[in-house]
Every structure is written in structure tokens, then in C-alpha cells.
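Asks: Below: one structure in C-alpha cells.
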4 protein chains.
Amino acid sequence: MIIVTRKGVTDAEIDHIREKVEALGLRTHLSRGEYRTVIGCVGDEEKLDRLPLLSIPGVEEVHPVMKPYKLAAREFAAADTRIPLGSGELGGEEVFVVAGPCSVEGMEMLERTARAVRDAGARALRGGAYKPRTSPYSFDGLAEEGLRILSEVRERTGLPVVTEVMDTRQVDAVAAHADVLQIGARNMQNYNLLTEVGRLHRPVLLKRGMSATLREFLLAAEYVMKQGNTQVILCERGIRTFETATRNTLDISAVPVLKEQTHLPVIIDPSHATGHASLVPSMCYASVAAGCDGLIVEVHPHPETATSDGPQSLRPEDFAAMMKKLAEYSQVAGKKL
Amino acid sequence: MIIVTRKGVTDAEIDHIREKVEALGLRTHLSRGEYRTVIGCVGDEEKLDRLPLLSIPGVEEVHPVMKPYKLAAREFAAADTRIPLGSGELGGEEVFVVAGPCSVEGMEMLERTARAVRDAGARALRGGAYKPRTSPYSFDGLAEEGLRILSEVRERTGLPVVTEVMDTRQVDAVAAHADVLQIGARNMQNYNLLTEVGRLHRPVLLKRGMSATLREFLLAAEYVMKQGNTQVILCERGIRTFETATRNTLDISAVPVLKEQTHLPVIIDPSHATGHASLVPSMCYASVAAGCDGLIVEVHPHPETATSDGPQSLRPEDFAAMMKKLAEYSQVAGKKL
Amino acid sequence: MIIVTRKGVTDAEIDHIREKVEALGLRTHLSRGEYRTVIGCVGDEEKLDRLPLLSIPGVEEVHPVMKPYKLAAREFAAADTRIPLGSGELGGEEVFVVAGPCSVEGMEMLERTARAVRDAGARALRGGAYKPRTSPYSFDGLAEEGLRILSEVRERTGLPVVTEVMDTRQVDAVAAHADVLQIGARNMQNYNLLTEVGRLHRPVLLKRGMSATLREFLLAAEYVMKQGNTQVILCERGIRTFETATRNTLDISAVPVLKEQTHLPVIIDPSHATGHASLVPSMCYASVAAGCDGLIVEVHPHPETATSDGPQSLRPEDFAAMMKKLAEYSQVAGKKL
Amino acid sequence: MIIVTRKGVTDAEIDHIREKVEALGLRTHLSRGEYRTVIGCVGDEEKLDRLPLLSIPGVEEVHPVMKPYKLAAREFAAADTRIPLGSGELGGEEVFVVAGPCSVEGMEMLERTARAVRDAGARALRGGAYKPRTSPYSFDGLAEEGLRILSEVRERTGLPVVTEVMDTRQVDAVAAHADVLQIGARNMQNYNLLTEVGRLHRPVLLKRGMSATLREFLLAAEYVMKQGNTQVILCERGIRTFETATRNTLDISAVPVLKEQTHLPVIIDPSHATGHASLVPSMCYASVAAGCDGLIVEVHPHPETATSDGPQSLRPEDFAAMMKKLAEYSQVAGKKL
């Protein structure tokens, strides 16, 4: 931690600041400049967290030196985290593709979609049973019936299932049916939910909040990991900006930044990021070229009748065509598809 | 709902769109332009919600005409919603001020703060027992002990208590101790939590999400109201922008916009919005001048030792000075303090 | 300047960094931590500007300690800057109100508007002769004819004139007619234009760029001041965010932040910030309560026929009503109107 | 244009609105709903531009149906615009790469860089002679000497030259030396400058403003094209968001959106977008996979001593390695490099 003092700080104030810091077991170093004095604090920076440094008279700025997350940080792991899932592995040598409808609408449509995406190369099935909807008047999912349909389709197709959990009270029920629990963007900072899924031995797909910095995103992952569950998959799904041509703005540079800062796998959701099916294939290609570990893509047999997010869903035939091209990009990226 | 078609749309496509819409019981009107055709849909617009219009061939844009919220809309209520609370009333002729520490740290500090803010004119006490913290390593509140302390201090001071609920499983416990349940910014789109507090007969203080539009904010209120609880207090607390001089950017124009669009009371949290105690008084004055119904302000007897958000907390004496000036502004605004 | 090194930095790298810094005449202090080493640089920080510190091996972060602007900084001036203008003074004991139409449309409408706003208490007249328009097909002002009309209306009404200059080649012509040269939001970082108006002895009204931080805003003012022209008026006019209910988001907390950081006067443009005439009065009141030195407000005798920005223009009678109330708020704020 | 009226609009108000619109030669169609009435306006929408519709009593919302730009719109051109440049062509079958230092620092460094990037496959040389800098105390370029050096290096290497013009008064001088005139992000809405370069017969590289929507970006291109110069290259260079891990947020989905909406070539600047050399290669690959027509990349022989933007500059050897991999991605994208 580096403390920068106010112009005109007094010696008494500097002494007071140092005492406060040293009382916590850290050492301090002074750099006196012409206008400001800098106090470097050496030791366990975490201990300073409870000290409201900016409230101490004379303090003007505080710059942390340590990263605030630990378990998620690249420097604290020997190697990339790999998560085996069905017949594939997330975080390793392949581009792992999850596909399926936004919402589970029924057995027939889900099974048909699952077979189609599996045959095109998808390794897991997505589908929402509990759907967070901006309006209370929108369709919000089939709930437990949706979970049972997902389970049944997994049996029939062999595809592991990814589905969202929205409430701490649903965690057990969802975990009974799902292979991967998804935490949606709106719940990225629902700390009780993060803590609850952290107690499971089941991978967690954590979506970045709509206006979360990457630092906050990694801290949310840290919440899960702190409970003992280290199988966290980070998912960039677009951030909120002023641009309205797309539903959100896909932050593609989050991929290399996260790959530098963490050992966790990073995937992209181009469907929610763009909101338009016509933009999804090119964003899939770009994501793989940027170095992501996987994709989660919305596919619906009849987007025209989808109960949610039709406009951003690919038809199965378009998904298959996209996967073909994606295989070529994956190869250049040094990965299998 | 207004549907704008693609350039070069065919007659068959237009017919198909009209059939889809009319099958739901609405009527359609055509306006054929040189390049595009516009289809006006008249009737119960809500029914169109389940139809993914943008996925129907030929459709280029869709513009809703009805507001998506109903119970929260000004046009659906005869008068402003007024919420009696302790010896005051929120949404009526007074500027209602809630004040207190960010976190409940102990009985002594809370009672002292409560007495100080009450004597300065605050009508309710704030204090967090459950604290959402960006880092899992930060202090996250005294939990149930904190709730008991709040209850006890209410007994001793007569001030009604506002405190945050973060988890559906906490709702009953918090409701047993609090007069107003606060939903934090991070949980504004935690729909299960909104639904759960909607079932209570207790006012809800709903904070605007960090990147929520006012439309989404009102839809979140609608979630609560749809369950039967119409006592929702809207709280603007700053939105996330590129500016870093303040913790968030206080969207002061949200006050008159919300007052035009809804009958619910609107209050401001200048402490979280700015993050700096020195900016809080001027933002309190501005909020009242902008027409808000109340304020929620952080006050701590020793910001230097606060377990959370010290830098944005006013000392009791600064709060009292602010309240004095605020009374003058309230009078010009035609309100009592 | 504080330099934070990479985890695992070598002694040779640290020596290399120190040599680079010391070669520029600064001294360095080391704070060795468990993971990272911090190098404090003491001396003329400005000299480090040309050294791309982040490119030197081993450097991970760089934190400047000095503010990058000088002439604009509060600490470099003894008192607030006051700018006499017509019969009033900007930056002193009054709330200085500039009002008038978005564009100069003709002599008759301008004179009528000028008389109306003057009688209601405005101290200066605004009106665009050169108009920056998003579309090349929109009305872009009467150019030199507009300037002549402004001059003539000043003669007839005694109101000093504020008008925008968009091009370095227009500076002399605009300066020949205007009392204050306005730099629009789109040109806040048009450095050649800033330099050119910096050579004049004429106040400059500098609008904050749509996505400019306050630091960048003050650096833009510094460009003008560096040429010798210290009469810079800072104008907050809303920043670009995700919210669409208002044209821009008025950053009201910019007022107290700027008042802390600079001695220059700060005014607010509520018309461009909100885009809706119905929101303008409450934002005027809030701005004064927040501590601003003045306002610039759009007024048009017939908003329905305005060539630009009609929806955000007040009618003269609404402006007069607003000014009455504003006088009351100004009094509470300790200022005259 | 579609006009939505206020709830409770009167017949007289509707008649008044229709008269206003019809007076401009358009026809109107009414759709009366239960709550609101919709007025479709058919005819030359552009004529409505001068009518401040939102100021007419009874009008609540206005939705344009036509795109506001014409010459830039895909529907107004038969084919993609191709711009021949040196030995290559921008907008056609190759990925066109421009590379070079941020600033021209001298003959020797520029020639060396030019030879290196040319040998690695770049088709044009970039280098700033006039540099827009946030601080007036930063190095702002060699000006005319820089232009002469660029010219000379073009002679020696055969590479066409791209360089920025910041001021209408510089246009002729820059055009005398440059093959492509660059308009920087800060000047994207400097309409006088756009108009001035629109009068030349020389390609213009137009950078997207930091907070410009794609609609505004295309309108800026329209300014240039309206003067007769249709050789506009659109350059996405990152937009301003709340994220601070990167200098800006690269809006990669702008590539497919622009390719849908315009016939102009689209290139990416990954150096300014990210601000970190380590992120540049992956963003180059992603951009090509997303379908861009080219790249503009900063390369410096010694980033450690660069006068500007060292941290985001690739070393020549890193650039060459990136280009090798990029050739593979280009092939998958169906393009040559």
C-alpha cells in the first residue's frame, strides 16, 4: 500500500498515519517530496483493509500494491485450471462450445436442439429453467419442470447441462440436475449466492456483471473459490456502454487481460453480447482468435417462436455452418474444436 | 407497438407479420413509405411480449408505445404514494432524512449516532447488518447480532430502522427487526429477492443498480408491487460512468424524470454516489432543490475507524450543520424538514 | 511519481529503472515489499513525462503524485478567478445567468429573446452563429450574418454576447463580435483551437467534452491558460452514459469537485444536459444549490419552430418564472442573482 | 418518421401535428390506440429535420424510420468501396496493415521502422507529425519537419504514408506530404475539419470518437463524403467505458455492424484500444476474424525511449511474429495478407 499525503501535511499527521499502519504490524518507508510525502507500507497489505486510510487527516490518495484477489490470481497457481466436462475439457487444448436455447420450452424442442448442436460439435447443452427477466410480465422459465427436462435430455444425448441458478434456495435443486451452475450477469455480485455455490463440488459458470470491472469480476470468482470450489469458468457477455447498435458491447480484450491475470478458463457469450444472430458468427471467430477457452451460444430451432431472446438465437443449420468455420480458426489458434 | 419493416420487404412478409400480430387479438394499420412500411399494432401490447417480433422475416425495428410498467406508472395512480414512517411521512410535504453509519459496529456507537442524527432532524436510522462487499476478505457485517442492535436502538431512540436484506432466506429475520427493508444496488435485479419482499407489508427502499436505466429501475419496483406491496421508495445512488473523481456519478436529473413517470417517492444517497464526505452536503442541497422526497446519508462518529466507507461518512457535527442549511433549501422547495 | 515493480523483478532491473529516473535529476527511494518493490521518485515529476516508464522492463504500475495541470489548479492561485462581464461578474458573489436561443435565427427573434431574458435577470446573451450538428444535413447556423446580428443586439440591449467558435480560422471574426468565446463539447480536445483562443484577451467558456474526465477538462483549460489567457469559464453540460431518459447525464457533483480542484468559475448548462425543457428548472435550482457560479440556459420565443434544440428550450415566460425561484435558492446559497 | 402522441392527446392537437407535417409535403396515417395515437409520416423524412416535433403539443416520442446518412449507407452503393493505396488495396481481398511509430521522432528511427514493417508485410507507414496530447506539457510532434521526414521515408521505402491532420489550416500542408489524411478520435466531430478534407482527392482515415455511437461515426463520414470525397476509411480504436484494465474498450462488434450498414472499409487500431503491447497481437487476430479490412498498429524500435505511447508499441520483431500468425488467420477469413 502506498499512501500519498496532502500538500502541506504536518509532521504530526505523518507520525499519526505511520503509527496507525505500524500498529497493524506493517513497516513504513518515507519519501519526502517538495509538495507531498509518500509513505510506503510493507507487510501484509490485507490487514490495512479494515483501516479507512482516506479518513485519516493528511491522507490524500491510497494506492494498493497487492492484487485484492488471491486464489483467482495467476501468480498463485502453478498452471491453468482445467475443468473436465462430459467428453471434453474446459481450459485445456480445445475450444469448448456450449449451445442451446435461451429457455427450456419443452422436451421435444430441447432434445431436438441438443441433438443438432451435439452433431455440430457442441460439448454441452445450455438452457434456462429459471430466467431473470427485466419485466415481471415476461416469461420466466419452467422452473423445476425445466430442470427435469434438462436432466432427461442429458440422459438421452449424453451432453452435460449448464443452467442458471438465481436464488440461494434453488441451489440444491439445480445442483441435482445440472452439471454446471450458471450465475447470471445480474447476480455476479449476489454474494450469498456465490458463497452457496462455492460450497458445491460442481463447476460454476460465472457471467460478468453488466458494469463490472475485471477486478470486480475476479473478486466475484474469489467469493466462490474461498468456499473451496475452485472450478470457476469466467464468462464475458458484453458490458453496458452508450452504444445502442448492439445489446451490449462485447469486451473482447477482456480475454487476453484475464488470461494474464488468472488461471481460470475464460469463455465468451456472443449471443447476449450482441443481441443479433447475424453478428454471432463473426464474434465467435473473433473470440477464439483472441484466445478464449470456449463459447456459449444460443441456438433455437425456430427463433421466430422463441419464448425469450429469439432475435439473438442461431438456427441449428447456421450454428453448424459457424462451427465448421470455427474449427479452422481454432486450428490456427492452436486448439482443437 | 410499431413495427418498421426492412427495405425491400415483400407483400407476403407483411402479410405474415400482420397475421402473427392479429392472431393475438390486436389490430394492425399499414403506412407504406417509399422505402419502408410501418405496421402500427393497436390493442393489448402486452400480448406481443411473447412474440419475438425481431425474428420474423422482414421486421427491422420494433418500437413499443406502452410503458412496460403499470403499477409504478404515474398514469395509473391518482396521487403520489405517501409512506408513513415513525413520526414522519415519506413522499409528502417533508424532506425525509435517513441517517446513520454504513455498518452497525456495536450498540454504543449506533445509539450515539442515532441520538445525534435524531437531534439534528433525521427521521429514521440507517445501518447495515448484512453488508455486500466487493471483496470476500472485507468486513461483511454483524448479521443477526446487528439486527438485534438495530432493534434495541430503535426502542431507545424511537427512530424507525432501515437496513439491507441480501438473500431471500434473510427476509423474515430482517423483517422482524426492520421498519424498512433496503434492497441494495447490486440486488436491484435479484428478482427472487424483489418478489419475496413484495409479499411483505413493510416499505421497501430500492436502490438503483449501478448501470440500470430508469426504465429498468421502475421495472424492478414493479416486481415488488406486483406481489401486492406498493410501498416502494426509489433511491438514486449514483451510476457507473467513466469518471473516477467520484465513486459514482450522481444522476440528479433522475429526480425530475422519475417524478414525471411515477407516483413513488424518490430519495437520494449522496454518500455512495460521491464517496467523499466533503461532497455530501452540496449534493444534499442539490437533491432537495431538484425535488427529491428525502435523503439517506452516512454518518459515523469516528470515520477514521469505521469498518466500512469511512471516507464518505459525515461526522455528527457536520451532519447537524448540513441539516441546518438543508432546512433553508427545503423551505424554498416548499417542503418542511 | 511512484513506480511499482513486477513480482519477481531483478536487482538489475531495479538499478536500471533508478538510473533512468536519476538521469533526469530526480532522487529515488526504495521500499522493498515481500512481493513487489516500490520506487518513490522525488523531484520535478514533469521531467518524467517524456520517459515511457511502463515500457522499462520490470515496471508494472506508475502512479503520478503531482497534478498534471498547474495554472488551473487551486493550489497555484491565491483566490477564485473572477471575470467581469457586462454589468455583472462571473466567479464572484452572484449567480451569473447566460440565456438565449440555441441558434441565432434572425434579428427580430434574437432581440425579442434578449430583452425578455434581460428583464428576467439574465446577465448575458447566448446564441449560436456557427452550429456543430451531428448530421451534415441539419441547419448549421447563419455564420457571419449571425455574428453581426449578435453584435447589433448587444448594442440594442446592453447584454454581452457568448457565442461558439468552431474553427481556428473563425477565431478573429468571432472575437470581433463576441464578448465570450465558447468552445463546444465536441471541441474540448481541439488543441489548436484551444491554443488559438488562448492568445486572445477575451474570456473563454469551455464546455466539458461528452466523455471527458474532470482531469482532462482541467487539462483542456490549461491549454488555454498556458497561452496567457487565464479567463476560462468551465461549463458542465452533461456526460454520455448508458441512460437514455435524458439527452446526457448532468454530472452535478462535478461542481463541488471542480471547486475543490480549481480557482476557475464553474457554470452549468442544464438545457443540453437534459434535452427536455420540463427538466431544466429543477436542474437550475440543483446547480445553484450545488455551488455553481452560473448557468447557461436555452430560451426561445417559439420552441415549436426553433431551427435547433427546440425541445430543450424554455419559453420566455417559463424562464422568468424559473428565475424568480432561482433568486430564492441563490439567497440560501449566499449569492445574489 | 413515426410520431407517438401523449396519453390524452386532443383531436385538435392531432390535427395541428398533421398540418405541420403535411405542410412540408409529407402524407400522414393515423393509428388510434386505446391510450395513444400513432402518426405515420410518409414522404421525404429529411424535410422533417427542421421541424422540432418534440416541441409540438401532444407529441411524446418521435422515431425516425430512415437512416440519417445516405452516401455512407450500404443501400446507396452497389458494392464495397475499395481504396487503392501503394501496392495494395483497402476494402478488397486483402487485410491491409498500416504500421509505424506513434510519433515521427527522426529520420533514422522512422526509416528503420518503415523498412522493418514493410519487410514484415505492412502496406503503409503511420507516424504522427502533429500529435494531439491530453496535456499541453507533453511532446506534440515535429510538425512540418515531421511531414518532410515522412515524405522522404516514403521515397526511400515505397510505403504510402498515413498521418494525422488536426487543424483546418494544416490541411494543405499535410495533403502535400501524406497519402492518407488521418482524423483523430478527438476530432471526429470537428465538422470544419471534416468538410475541409472532404474537398481533397485523397483518402481519409477517420477514427471513431471516444464516445461516438456508430450512427454518429457514419454521420461524420457523411460530412466528408458530402463534399465529394468518398474515400473514407472507418477506424474503430476503442471506446470509453468504466473499465480501466485497458486504455479503452475495443468495440469489436462494430466491425460486423458497420459492414452491414456501410460500404466503406473498416479497420481496427488495437494499439490505442488496449494501450498495452502485450494485448495487441490477440486483438489483431480477433479483428481479422471479425471481418475487418485492415489494421493500424504502433511499432517502435525502442518502446522504452518513445516520445509517446511507448507502452502500447510493438517491437519490430514482435510485429513480424504477429504478422506471420495473422497471415494464417487472414487465410481462414478468406483474405490475403
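Ligands are numbered from 1 in the order shown, chains are lettered A, B, ... in the order of the C-alpha cells, and residues start at 1 in each chain.
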Could you work out which residues of chain B fall inside 7 Å of chain D? Count only C-alpha atoms, and format the result as a ChimeraX atom specification.
Replies: /B:29,31,33-34,40,42-43,240-242
Asks: Can you write out the residues you just picked, keeping C-alpha atoms, as a PDB file, in the first residue's frame?
Replies:
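Writing done, so here's out_16.pdb:
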```
ATOM      1  CA  HIS B  29     -52.619  -0.437 -39.599  1.00  0.00           C
ATOM      2  CA  SER B  31     -48.293   3.019 -43.536  1.00  0.00           C
ATOM      3  CA  GLY B  33     -43.474   4.603 -47.333  1.00  0.00           C
ATOM      4  CA  GLU B  34     -41.111   4.819 -50.263  1.00  0.00           C
ATOM      5  CA  GLY B  40     -48.999   0.033 -36.223  1.00  0.00           C
ATOM      6  CA  VAL B  42     -53.380  -1.480 -31.777  1.00  0.00           C
ATOM      7  CA  GLY B  43     -54.701  -3.403 -28.780  1.00  0.00           C
ATOM      8  CA  ARG B 240     -21.267   3.919 -13.070  1.00  0.00           C
ATOM      9  CA  THR B 241     -19.551   6.069 -15.660  1.00  0.00           C
ATOM     10  CA  PHE B 242     -16.003   6.675 -16.895  1.00  0.00           C
TER      11      PHE B 242
END
```
Asks: Which neighbours of Pro160 of chain A fall inside 7 Å, counting only C-alpha atoms, when residues of the same chain fewer than 4 positions from it are skipped, and could you give them as a PyMOL selection string?
Replies: chain A and resi 85-86+124-125+154+179
Asks: Using only C-alpha atoms, determine which residues lie at most 10 Å from Leu110 of chain C, disregarding the query and same-chain residues fewer than 5 positions distant; provide the list as a JSON list (two decimals) with all heavy atoms, in the first residue's frame.
Replies:
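Full text of selection.json as output:
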```json
[["chain", "number", "residue", "atom", "x", "y", "z"],
["C", 100, "GLY", "N", -30.55, 32.53, -23.87],
["C", 100, "GLY", "CA", -30.80, 32.88, -25.27],
["C", 100, "GLY", "C", -31.07, 31.64, -26.08],
["C", 100, "GLY", "O", -31.03, 30.52, -25.56],
["C", 101, "PRO", "N", -31.32, 31.84, -27.36],
["C", 101, "PRO", "CA", -31.67, 30.70, -28.21],
["C", 101, "PRO", "C", -30.46, 29.84, -28.53],
["C", 101, "PRO", "O", -29.32, 30.31, -28.44],
["C", 101, "PRO", "CB", -32.21, 31.37, -29.47],
["C", 101, "PRO", "CG", -31.48, 32.66, -29.54],
["C", 101, "PRO", "CD", -31.30, 33.11, -28.12],
["C", 103, "SER", "N", -29.70, 28.69, -31.58],
["C", 103, "SER", "CA", -29.13, 29.33, -32.79],
["C", 103, "SER", "C", -29.70, 30.73, -32.96],
["C", 103, "SER", "O", -30.86, 30.98, -32.64],
["C", 103, "SER", "CB", -29.53, 28.53, -34.04],
["C", 103, "SER", "OG", -29.13, 27.20, -33.95],
["C", 104, "VAL", "N", -28.87, 31.61, -33.52],
["C", 104, "VAL", "CA", -29.36, 32.90, -33.97],
["C", 104, "VAL", "C", -30.16, 32.65, -35.24],
["C", 104, "VAL", "O", -29.62, 32.12, -36.22],
["C", 104, "VAL", "CB", -28.19, 33.86, -34.27],
["C", 104, "VAL", "CG1", -28.71, 35.17, -34.85],
["C", 104, "VAL", "CG2", -27.36, 34.10, -33.02],
["C", 105, "GLU", "N", -31.44, 32.98, -35.22],
["C", 105, "GLU", "CA", -32.27, 32.71, -36.40],
["C", 105, "GLU", "C", -32.62, 33.98, -37.16],
["C", 105, "GLU", "O", -33.02, 33.93, -38.32],
["C", 105, "GLU", "CB", -33.56, 31.99, -35.98],
["C", 105, "GLU", "CG", -33.29, 30.60, -35.42],
["C", 105, "GLU", "CD", -34.49, 29.99, -34.72],
["C", 105, "GLU", "OE1", -35.62, 30.50, -34.89],
["C", 105, "GLU", "OE2", -34.30, 29.00, -33.98],
["C", 115, "ARG", "N", -34.26, 40.83, -24.89],
["C", 115, "ARG", "CA", -34.98, 41.73, -23.97],
["C", 115, "ARG", "C", -35.71, 40.94, -22.88],
["C", 115, "ARG", "O", -35.70, 41.29, -21.70],
["C", 115, "ARG", "CB", -35.99, 42.60, -24.73],
["C", 115, "ARG", "CG", -35.31, 43.62, -25.61],
["C", 115, "ARG", "CD", -36.28, 44.63, -26.20],
["C", 115, "ARG", "NE", -35.57, 45.46, -27.18],
["C", 115, "ARG", "CZ", -34.74, 46.46, -26.86],
["C", 115, "ARG", "NH1", -34.53, 46.77, -25.60],
["C", 115, "ARG", "NH2", -34.12, 47.13, -27.81],
["C", 116, "ALA", "N", -36.29, 39.84, -23.31],
["C", 116, "ALA", "CA", -37.05, 39.03, -22.34],
["C", 116, "ALA", "C", -36.13, 38.45, -21.27],
["C", 116, "ALA", "O", -36.43, 38.51, -20.08],
["C", 116, "ALA", "CB", -37.80, 37.92, -23.07],
["C", 125, "LEU", "N", -26.16, 37.20, -23.13],
["C", 125, "LEU", "CA", -26.98, 36.57, -24.17],
["C", 125, "LEU", "C", -26.19, 35.46, -24.86],
["C", 125, "LEU", "O", -25.03, 35.67, -25.22],
["C", 125, "LEU", "CB", -27.37, 37.64, -25.20],
["C", 125, "LEU", "CG", -28.16, 37.17, -26.43],
["C", 125, "LEU", "CD1", -29.57, 36.71, -26.04],
["C", 125, "LEU", "CD2", -28.22, 38.31, -27.47],
["C", 126, "ARG", "N", -26.82, 34.31, -25.01],
["C", 126, "ARG", "CA", -26.17, 33.25, -25.79],
["C", 126, "ARG", "C", -26.89, 33.14, -27.13],
["C", 126, "ARG", "O", -28.06, 33.53, -27.26],
["C", 126, "ARG", "CB", -26.19, 31.92, -25.07],
["C", 126, "ARG", "CG", -27.58, 31.36, -24.78],
["C", 126, "ARG", "CD", -27.54, 29.83, -24.74],
["C", 126, "ARG", "NE", -27.27, 29.34, -26.08],
["C", 126, "ARG", "CZ", -26.70, 28.20, -26.37],
["C", 126, "ARG", "NH1", -26.33, 27.39, -25.42],
["C", 126, "ARG", "NH2", -26.48, 27.84, -27.63],
["C", 127, "GLY", "N", -26.21, 32.56, -28.11],
["C", 127, "GLY", "CA", -26.82, 32.36, -29.43],
["C", 127, "GLY", "C", -25.75, 31.88, -30.37],
["C", 127, "GLY", "O", -24.65, 32.44, -30.43],
["C", 146, "GLY", "N", -24.92, 35.79, -38.59],
["C", 146, "GLY", "CA", -25.31, 35.56, -37.20],
["C", 146, "GLY", "C", -24.48, 36.39, -36.25],
["C", 146, "GLY", "O", -25.00, 36.95, -35.27],
["C", 149, "ILE", "N", -25.67, 39.96, -36.31],
["C", 149, "ILE", "CA", -26.94, 40.12, -35.57],
["C", 149, "ILE", "C", -26.67, 40.15, -34.07],
["C", 149, "ILE", "O", -27.22, 40.98, -33.34],
["C", 149, "ILE", "CB", -27.91, 38.97, -35.95],
["C", 149, "ILE", "CG1", -28.33, 39.12, -37.42],
["C", 149, "ILE", "CG2", -29.13, 38.97, -35.03],
["C", 149, "ILE", "CD1", -29.16, 37.95, -37.94],
["C", 150, "LEU", "N", -25.78, 39.28, -33.62],
["C", 150, "LEU", "CA", -25.43, 39.26, -32.19],
["C", 150, "LEU", "C", -24.88, 40.61, -31.75],
["C", 150, "LEU", "O", -25.26, 41.17, -30.72],
["C", 150, "LEU", "CB", -24.41, 38.16, -31.91],
["C", 150, "LEU", "CG", -24.96, 36.73, -31.83],
["C", 150, "LEU", "CD1", -23.84, 35.69, -31.95],
["C", 150, "LEU", "CD2", -25.74, 36.50, -30.53],
["C", 152, "GLU", "N", -25.29, 43.50, -33.11],
["C", 152, "GLU", "CA", -26.33, 44.53, -33.16],
["C", 152, "GLU", "C", -27.26, 44.42, -31.94],
["C", 152, "GLU", "O", -27.62, 45.44, -31.33],
["C", 152, "GLU", "CB", -27.14, 44.34, -34.46],
["C", 152, "GLU", "CG", -28.28, 45.30, -34.65],
["C", 152, "GLU", "CD", -27.83, 46.75, -34.77],
["C", 152, "GLU", "OE1", -26.70, 46.98, -35.25],
["C", 152, "GLU", "OE2", -28.60, 47.65, -34.35],
["C", 153, "VAL", "N", -27.59, 43.19, -31.57],
["C", 153, "VAL", "CA", -28.49, 43.01, -30.42],
["C", 153, "VAL", "C", -27.78, 43.41, -29.13],
["C", 153, "VAL", "O", -28.39, 43.96, -28.21],
["C", 153, "VAL", "CB", -29.04, 41.58, -30.37],
["C", 153, "VAL", "CG1", -29.79, 41.31, -29.07],
["C", 153, "VAL", "CG2", -29.96, 41.33, -31.57],
["C", 300, "HIS", "N", -36.24, 30.24, -26.05],
["C", 300, "HIS", "CA", -36.69, 30.52, -27.42],
["C", 300, "HIS", "C", -38.14, 30.98, -27.35],
["C", 300, "HIS", "O", -38.94, 30.38, -26.64],
["C", 300, "HIS", "CB", -36.57, 29.24, -28.26],
["C", 300, "HIS", "CG", -36.68, 29.49, -29.73],
["C", 300, "HIS", "ND1", -37.88, 29.80, -30.33],
["C", 300, "HIS", "CD2", -35.74, 29.50, -30.72],
["C", 300, "HIS", "CE1", -37.66, 29.97, -31.64],
["C", 300, "HIS", "NE2", -36.38, 29.80, -31.90],
["C", 301, "PRO", "N", -38.47, 32.03, -28.09],
["C", 301, "PRO", "CA", -39.85, 32.53, -28.02],
["C", 301, "PRO", "C", -40.86, 31.51, -28.55],
["C", 301, "PRO", "O", -42.00, 31.49, -28.11],
["C", 301, "PRO", "CB", -39.83, 33.80, -28.87],
["C", 301, "PRO", "CG", -38.57, 33.77, -29.65],
["C", 301, "PRO", "CD", -37.61, 32.89, -28.93]]
```
Asks: Give me the residues near Glu328 of chain A as a VMD selection string, where near means some atom within 12 Å (using only C-alpha atoms) and where sequence neighbours in that chain fewer than 2 positions away do not count.
Replies: (chain A and resid 95 284 to 285 288 to 289 321 to 326 330 to 337) or (chain D and resid 289 328 to 334)
Asks: Name all residues at most 10 Å from Thr307 of chain A (count only C-alpha atoms; drop same-chain ones fewer than 4 positions away) and give them as a list of chain:residue names.
Replies: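 Answer for this query is A:Pro101, A:Cys102, A:Ser103, A:Val104, A:Glu105, A:Ser138, A:Phe139, A:Asp140, A:Gly141, A:Pro303, B:Asp49, B:Arg50, B:Leu51, B:Pro52.
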Asks: Mind dumping the selected residues with N, CA and C atoms as a PDB file, in the first residue's frame?
Replies:
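Full text of out_36.pdb as output:
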```
ATOM      1  N   PRO A 101     -30.928 -23.488 -26.356  1.00  0.00           N
ATOM      2  CA  PRO A 101     -31.873 -22.379 -26.352  1.00  0.00           C
ATOM      3  C   PRO A 101     -31.711 -21.491 -25.127  1.00  0.00           C
ATOM      4  N   CYS A 102     -32.201 -20.282 -25.233  1.00  0.00           N
ATOM      5  CA  CYS A 102     -32.187 -19.384 -24.082  1.00  0.00           C
ATOM      6  C   CYS A 102     -32.974 -20.040 -22.960  1.00  0.00           C
ATOM      7  N   SER A 103     -34.234 -20.380 -23.228  1.00  0.00           N
ATOM      8  CA  SER A 103     -35.085 -21.012 -22.222  1.00  0.00           C
ATOM      9  C   SER A 103     -35.426 -22.437 -22.633  1.00  0.00           C
ATOM     10  N   VAL A 104     -35.580 -23.304 -21.646  1.00  0.00           N
ATOM     11  CA  VAL A 104     -36.161 -24.628 -21.884  1.00  0.00           C
ATOM     12  C   VAL A 104     -37.654 -24.416 -22.103  1.00  0.00           C
ATOM     13  N   GLU A 105     -38.137 -24.794 -23.291  1.00  0.00           N
ATOM     14  CA  GLU A 105     -39.560 -24.565 -23.569  1.00  0.00           C
ATOM     15  C   GLU A 105     -40.357 -25.864 -23.555  1.00  0.00           C
ATOM     16  N   SER A 138     -42.806 -10.808 -18.200  1.00  0.00           N
ATOM     17  CA  SER A 138     -42.225 -11.680 -19.229  1.00  0.00           C
ATOM     18  C   SER A 138     -42.156 -13.129 -18.728  1.00  0.00           C
ATOM     19  N   PHE A 139     -42.083 -14.050 -19.661  1.00  0.00           N
ATOM     20  CA  PHE A 139     -41.952 -15.476 -19.351  1.00  0.00           C
ATOM     21  C   PHE A 139     -40.672 -15.714 -18.553  1.00  0.00           C
ATOM     22  N   ASP A 140     -40.796 -16.370 -17.405  1.00  0.00           N
ATOM     23  CA  ASP A 140     -39.607 -16.517 -16.562  1.00  0.00           C
ATOM     24  C   ASP A 140     -39.183 -17.969 -16.337  1.00  0.00           C
ATOM     25  N   GLY A 141     -39.530 -18.816 -17.270  1.00  0.00           N
ATOM     26  CA  GLY A 141     -38.981 -20.173 -17.215  1.00  0.00           C
ATOM     27  C   GLY A 141     -39.934 -21.208 -16.636  1.00  0.00           C
ATOM     28  N   PRO A 303     -36.385 -19.557 -34.052  1.00  0.00           N
ATOM     29  CA  PRO A 303     -36.227 -18.292 -33.307  1.00  0.00           C
ATOM     30  C   PRO A 303     -37.510 -17.455 -33.335  1.00  0.00           C
TER      31      PRO A 303
ATOM     32  N   ASP B  49     -45.540  -9.387 -26.086  1.00  0.00           N
ATOM     33  CA  ASP B  49     -44.291  -9.639 -25.372  1.00  0.00           C
ATOM     34  C   ASP B  49     -43.704 -11.008 -25.661  1.00  0.00           C
ATOM     35  N   ARG B  50     -44.574 -11.978 -25.838  1.00  0.00           N
ATOM     36  CA  ARG B  50     -44.068 -13.342 -26.044  1.00  0.00           C
ATOM     37  C   ARG B  50     -43.729 -13.635 -27.497  1.00  0.00           C
ATOM     38  N   LEU B  51     -44.007 -12.671 -28.368  1.00  0.00           N
ATOM     39  CA  LEU B  51     -43.755 -12.874 -29.794  1.00  0.00           C
ATOM     40  C   LEU B  51     -42.403 -12.243 -30.141  1.00  0.00           C
ATOM     41  N   PRO B  52     -41.431 -13.041 -30.551  1.00  0.00           N
ATOM     42  CA  PRO B  52     -40.112 -12.442 -30.863  1.00  0.00           C
ATOM     43  C   PRO B  52     -40.165 -11.745 -32.214  1.00  0.00           C
TER      44      PRO B  52
END
```
Asks: Please provide as a ChimeraX atom specification all residues within 10 Å of Thr246 of chain D, with the sequence filter that same-chain residues fewer than 4 positions apart are discarded (counting only C-alpha atoms).
Replies: /A:214,253-254,257 /D:238,240-241,250,272-276,279
